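> My structure is below; once you've seen it, I'll send some questions.
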Amino acid sequence: MLALVAAVALTVPMLGACGASGGTTTAGKQGCAAYEGETISLVVPFSPGGGYDSYARMIAPELAKRLKSKVIVENQDGAGGLLAINSLATEKPDGKRLAIMNAVGAGGAAIAGAPGAEFGLDNLSYIGRVGASFHIFSTSAKSRFKSFEDVRAANDFRYGSTGPGAADFVNGQMLKAIFKLKAKIITGFEGSEENELALTSGKVDGMTGDFDSRLPAIRNGDHRPLLLLGPKRDPQIPNTPALLELDLTPQQRALARSTVDLLSFGRPIVGPPGIPKDRLTCLRTTLQSVLQDKAFTAKAAKTGRPINWMSGADVDRLVQRLLNSPPEFRSIMKNAYAGEN
Amino acid sequence: MLEAFFSSLLQVLEPTTFLLALLGIALGFVVGILPGLGGAVTLALMLPFVYDMEPVQAFAFLLGMWVVTATTGDITSVLLGVPGEATSAAAVLDGYPLTKRGEAGRALGAVLFSSALGAVFGAFVLALSVPIVRPLVLASGPPHFFMLTLLGLTFVVTLSGGDVLKGFLMAAFGMLVSLVGIDPQAGVPRYTFDQLYLWDGIDLVPLVVGLFAGAEVLQLMLSKTSIAQSPPGKLSGIGVGVRDTLRHWGVVVRSSAIGAGIGIVPGMGGTVSQFIAYGVAQQTSKEPERFGKGSIEGVIAAGATNNAKDAGSLIPTVAFGLPAGAGTAVLLGAFLITGLNPGPEMLTTHVDVTFSMVWILVLSNLIAVAVAFLLLRHLVKLTFIRGTWLVPFLLVLLGIGAFTANNDFADIFVMLGAAVFGVIAIHWGWPRVPFLLAVVLGGLAERYLFLSYSLDGWSWLKDPAVIAFAVCMVAVVLWPPIRARRRRAAAARAPENDAVRGG
């Protein structure tokens, strides 16, 4: 009798255990279980070697470890990052194909309604933002433009840019519109590095670019930071004013706000529209745990790719705000992508 | 400064660093041989491994790998007519005909030895440029780069030797192809037929692979023989190639200088410099008519530029953080990872790291070439295998080569299209090089012209350096006919010579 009781006592929890594990398999794997042992592709919309590629290759093994799956990085270069996001948007929404998105460029194209952006910005599934760097407006350390006021007063300012559709071109158009700058935008630089060199040698008077990437030239004394296109000052350059702390009219502020919003969009990880809620939650919490891991963020910061996490839900709200931005902002965006100076 | 130069050698020879360099060399060796899988892509894949390395270690590993890909890329160009890298295409032009004649050993000896010499030359340029590089680069700008692209195009057309008109037409067609993509000024898609694939223009890797390798493989398929059509002759040894290189030291020096010089210019890089060096070698050669049919000078020119250009492209990367090409763009990431800021401090406080790069360039090339020499005897045997056996393997290589650059199937179609175009061009004697270079240079010329104009209006035309470039261009156009006339005049003065020529 005692033996029987013992046997029953032993089998009941075992049955329970079986039932529980059986339940998840029969009902289709829920949440994170759906990814165990599976392969997830993380698409980089550029060729290997750049910032997006570095972020993806840094994050992929951490995601793999936590999801108990294989995460492979796939480079799909083309059309300034639009090609990869367009094709991602038509994928099966099982969350096994994700991409790190060049949100300022590709997202900006969607807001501008530019040709080539064939996805709905508010349909994509946002897992979370990996990084974002506000942009810095800088001049050469040797130039006569020593403050942003000097630039506003000038009528022959030459602003260097890579070309239509690029973030530096959009920034230039926005600054021109907000401050009625009499600046000429010079396009055709191959990349921000070439633009930076033209600034150092005085061939152009100013440029804007990713703050983290421009910091070396500021530190070594080649460039002078005049305005941070962000909400508040950065402790690394405490004497440089931030765009949103300037004294602006409501109309100027609305444009400035949207400009900063677009830059805050940064580098999110996205999936196709319609990833089931349980899977999206799993991906979001897993990414969050990676990006809030102290050892991981310290390593990332050390390698010049700082993590600047924003939750998927917050990215959703940011996208809504951008899609409801003032009509003037969208019309400037439209012109900026069409190359109208 | 000199002290830093030698202490950096000790840093490179430090056991861990040296082992990492050897590891990089081994990787680069294999990657260089595989077509399509380029040095830049491999660098990017290896970047995460340098997180915990010291700067010199990281560069020993990465640079060792990167420069060796350019060296060994020439091996398949010569042996199979399949360039292992886009920058190895010029080695096909004369190296492959030599292989067909059964002189693969000689061609490989020459291309590898000149590669090593070119690397040493380029490294010297890099070391010597340290004190002057910043003012030099700051003084040059879009107008100079524009003139340089024009000079390159001029060379290309005169390079077509006898038939300048055919060369000009092929270059014009190449310019048209270079227009495909998003216009850099207005952001308007040109000739893209609503295909996003075409927004970035025609990619260079599938184009080069198809135009050179694809065309040769198609011909091999049709010929049903082995690549080498005659047994190895007396003059087929590796040692002969090495002696050839030493005999033509002028070609080595000129080609290395061209490689290092053009390597500095952003966007130009190895694809352009190899053909310009080849063109200069042809123009200065005593036997220009043998170019394209198996001239050892052509092989030497291609080899020497190949490695000198890497040193050149490091110059703006180190001094300004401005990458001159895809490879150096990835290396820039390594600077960030190891906590270095490219710019003045690389020439002052961290000058030892810059000098260590010089040593790595030299050492890794010497090691790679030594290893290659040991393996050559076996590699050469490949060329005596029946084509039917070799072709399927080559076709797979070509497909992978075209695909891996962007992971895009459309690239395979571009490769096939380029192969067909290449066969047609070879068959009817239309030069392929002007076409290819115009595709590369056309986009650059357009961009630099617009940039020059929007920066300075037309005042840049009065720049002395611009005028000097223009004079060079005129000289390049006029020199071949003048030389031909002089030769005819000399021949007329010496009728007995004429009789020999006639016979």
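Labels used: A, B, ... for chains in the order of the structure tokens, numbers from 1 for residues in each chain, and numbers from 1 for ligands as shown.
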Give me, as a PyMOL selection string, the contact residues of chain A against chain B at a cut-off of 6 Å, counting only C-alpha atoms.

chain A and resi 48-49+76+79+164+188+193+201+216+303-304+339

> Among region 145-233 of chain B, which residues carry a DSSP assignment of strand (DSSP E or B), reported as a VMD selection string?

chain B and resid 181 to 182 189 to 190 226

> Just the selected residues (N, CA and C atoms), exported as a PDB file, in the first residue's frame, please.


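Here's the written file part.pdb:
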```pdb
ATOM      1  N   GLY B 181      22.164  53.903 -62.522  1.00  0.00           N
ATOM      2  CA  GLY B 181      22.097  54.063 -61.069  1.00  0.00           C
ATOM      3  C   GLY B 181      21.525  55.414 -60.681  1.00  0.00           C
ATOM      4  N   ILE B 182      21.560  55.678 -59.377  1.00  0.00           N
ATOM      5  CA  ILE B 182      21.041  56.955 -58.884  1.00  0.00           C
ATOM      6  C   ILE B 182      22.047  58.060 -59.200  1.00  0.00           C
ATOM      7  N   PRO B 189      16.889  58.330 -60.488  1.00  0.00           N
ATOM      8  CA  PRO B 189      17.368  57.046 -61.026  1.00  0.00           C
ATOM      9  C   PRO B 189      17.562  57.141 -62.544  1.00  0.00           C
ATOM     10  N   ARG B 190      18.725  56.660 -63.029  1.00  0.00           N
ATOM     11  CA  ARG B 190      18.997  56.696 -64.463  1.00  0.00           C
ATOM     12  C   ARG B 190      19.133  55.273 -64.990  1.00  0.00           C
ATOM     13  N   SER B 226      43.353  21.177 -72.869  1.00  0.00           N
ATOM     14  CA  SER B 226      43.753  21.692 -71.567  1.00  0.00           C
ATOM     15  C   SER B 226      44.115  23.169 -71.745  1.00  0.00           C
TER      16      SER B 226
END
```

> Show which residues sit within 8 Å of region 255-266 of chain A, as a PyMOL selection string. Count only C-alpha atoms, and ignore same-chain residues fewer than 5 positions away.

chain A and resi 102-104+108+129-135+171+174+178+229-231+243-244+315+318-319+322+325-326+328-329

> Mind giving me the straight-line distance from CA of Leu461 (chain B) to CA of Phe189 (chain A) in Å, one decimal?

19.8 Å

> Hey, what's within 12 Å of Val157 (chain B) if we count only C-alpha atoms and toss same-chain stuff fewer than 6 positions away? As a PyMOL selection string, please?

chain B and resi 150-151+163-172+174+275-276+279+430-438+473+476-477+480

> I'd like the contact shell of region 126-133 of chain B - 7 Å cut-off, only C-alpha atoms, skipping same-chain residues fewer than 3 positions apart - returned as a list of chain:residue names.

B:Gly122, B:Ala123, B:Leu136, B:Val137, B:Ala311, B:Gly312, B:Ile315, B:Leu347, B:Phe355, B:Val358

> Keeping only C-alpha atoms, take the residues you just selected and write them out as an mmCIF file, in the first residue's frame.


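Result file is out-v2.cif:
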```cif
data_model
loop_
_atom_site.group_PDB
_atom_site.id
_atom_site.type_symbol
_atom_site.label_atom_id
_atom_site.label_comp_id
_atom_site.auth_asym_id
_atom_site.auth_seq_id
_atom_site.Cartn_x
_atom_site.Cartn_y
_atom_site.Cartn_z
ATOM 1 C CA GLY B 122 54.741 50.815 -51.468
ATOM 2 C CA ALA B 123 55.735 50.304 -47.852
ATOM 3 C CA LEU B 136 49.856 66.867 -49.424
ATOM 4 C CA VAL B 137 46.381 65.390 -49.090
ATOM 5 C CA ALA B 311 50.229 50.948 -49.049
ATOM 6 C CA GLY B 312 48.989 53.953 -51.003
ATOM 7 C CA ILE B 315 47.947 56.804 -46.431
ATOM 8 C CA LEU B 347 51.734 60.470 -37.248
ATOM 9 C CA PHE B 355 55.316 52.157 -38.893
ATOM 10 C CA VAL B 358 54.849 49.330 -43.001
#
```

> Fewer than 6 positions away in the same chain doesn't count, so skip those; otherwise give me all residues within 7 Å of region 232-235 of chain A, counting only C-alpha atoms, as a CSV table (one decimal) with N, CA and C atoms, in the first residue's frame.


```csv
chain,number,residue,atom,x,y,z
A,241,PRO,N,25.9,74.2,-27.9
A,241,PRO,CA,24.5,74.2,-27.7
A,241,PRO,C,23.7,73.1,-28.4
A,242,ALA,N,22.6,72.7,-27.9
A,242,ALA,CA,21.8,71.7,-28.6
A,242,ALA,C,20.6,72.4,-29.3
A,244,LEU,N,17.4,71.8,-29.7
A,244,LEU,CA,16.1,72.1,-29.0
A,244,LEU,C,16.2,73.0,-27.8
A,245,GLU,N,17.4,73.4,-27.4
A,245,GLU,CA,17.5,74.3,-26.3
A,245,GLU,C,17.6,75.8,-26.8
```

> Would you please work out which residue, of A:Trp309, A:Phe211, A:Phe46, A:Phe119, is nearest to Ile85 (chain A) when using only C-alpha atoms?

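Smallest separation from Ile85 (chain A) among the options: A:Phe119.
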
> Rounded to one decimal place, report the CA of Leu379 (chain B)-CA of Leu218 (chain B) distance in Å.

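A separation of 21.5 Å between them.
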
> Applying 10 Å and only C-alpha atoms, which residues near Leu63 (chain A) remain after dropping the ones on its own chain fewer than 3 positions away? List them as a PyMOL selection string.

chain A and resi 40+58-60+66-71+283+286-291

> Find, counting only C-alpha atoms, the residue in A:Ala153, A:Met207, A:Leu280, A:Ala298 that gets nearest to Ser311 (chain A).

A:Leu280

> My list of candidates is A:Leu42, A:Ala112, A:Ala166, A:Ile72. Which is closest to Gly209 (chain A) when distances are computed with only C-alpha atoms?

A:Ala166
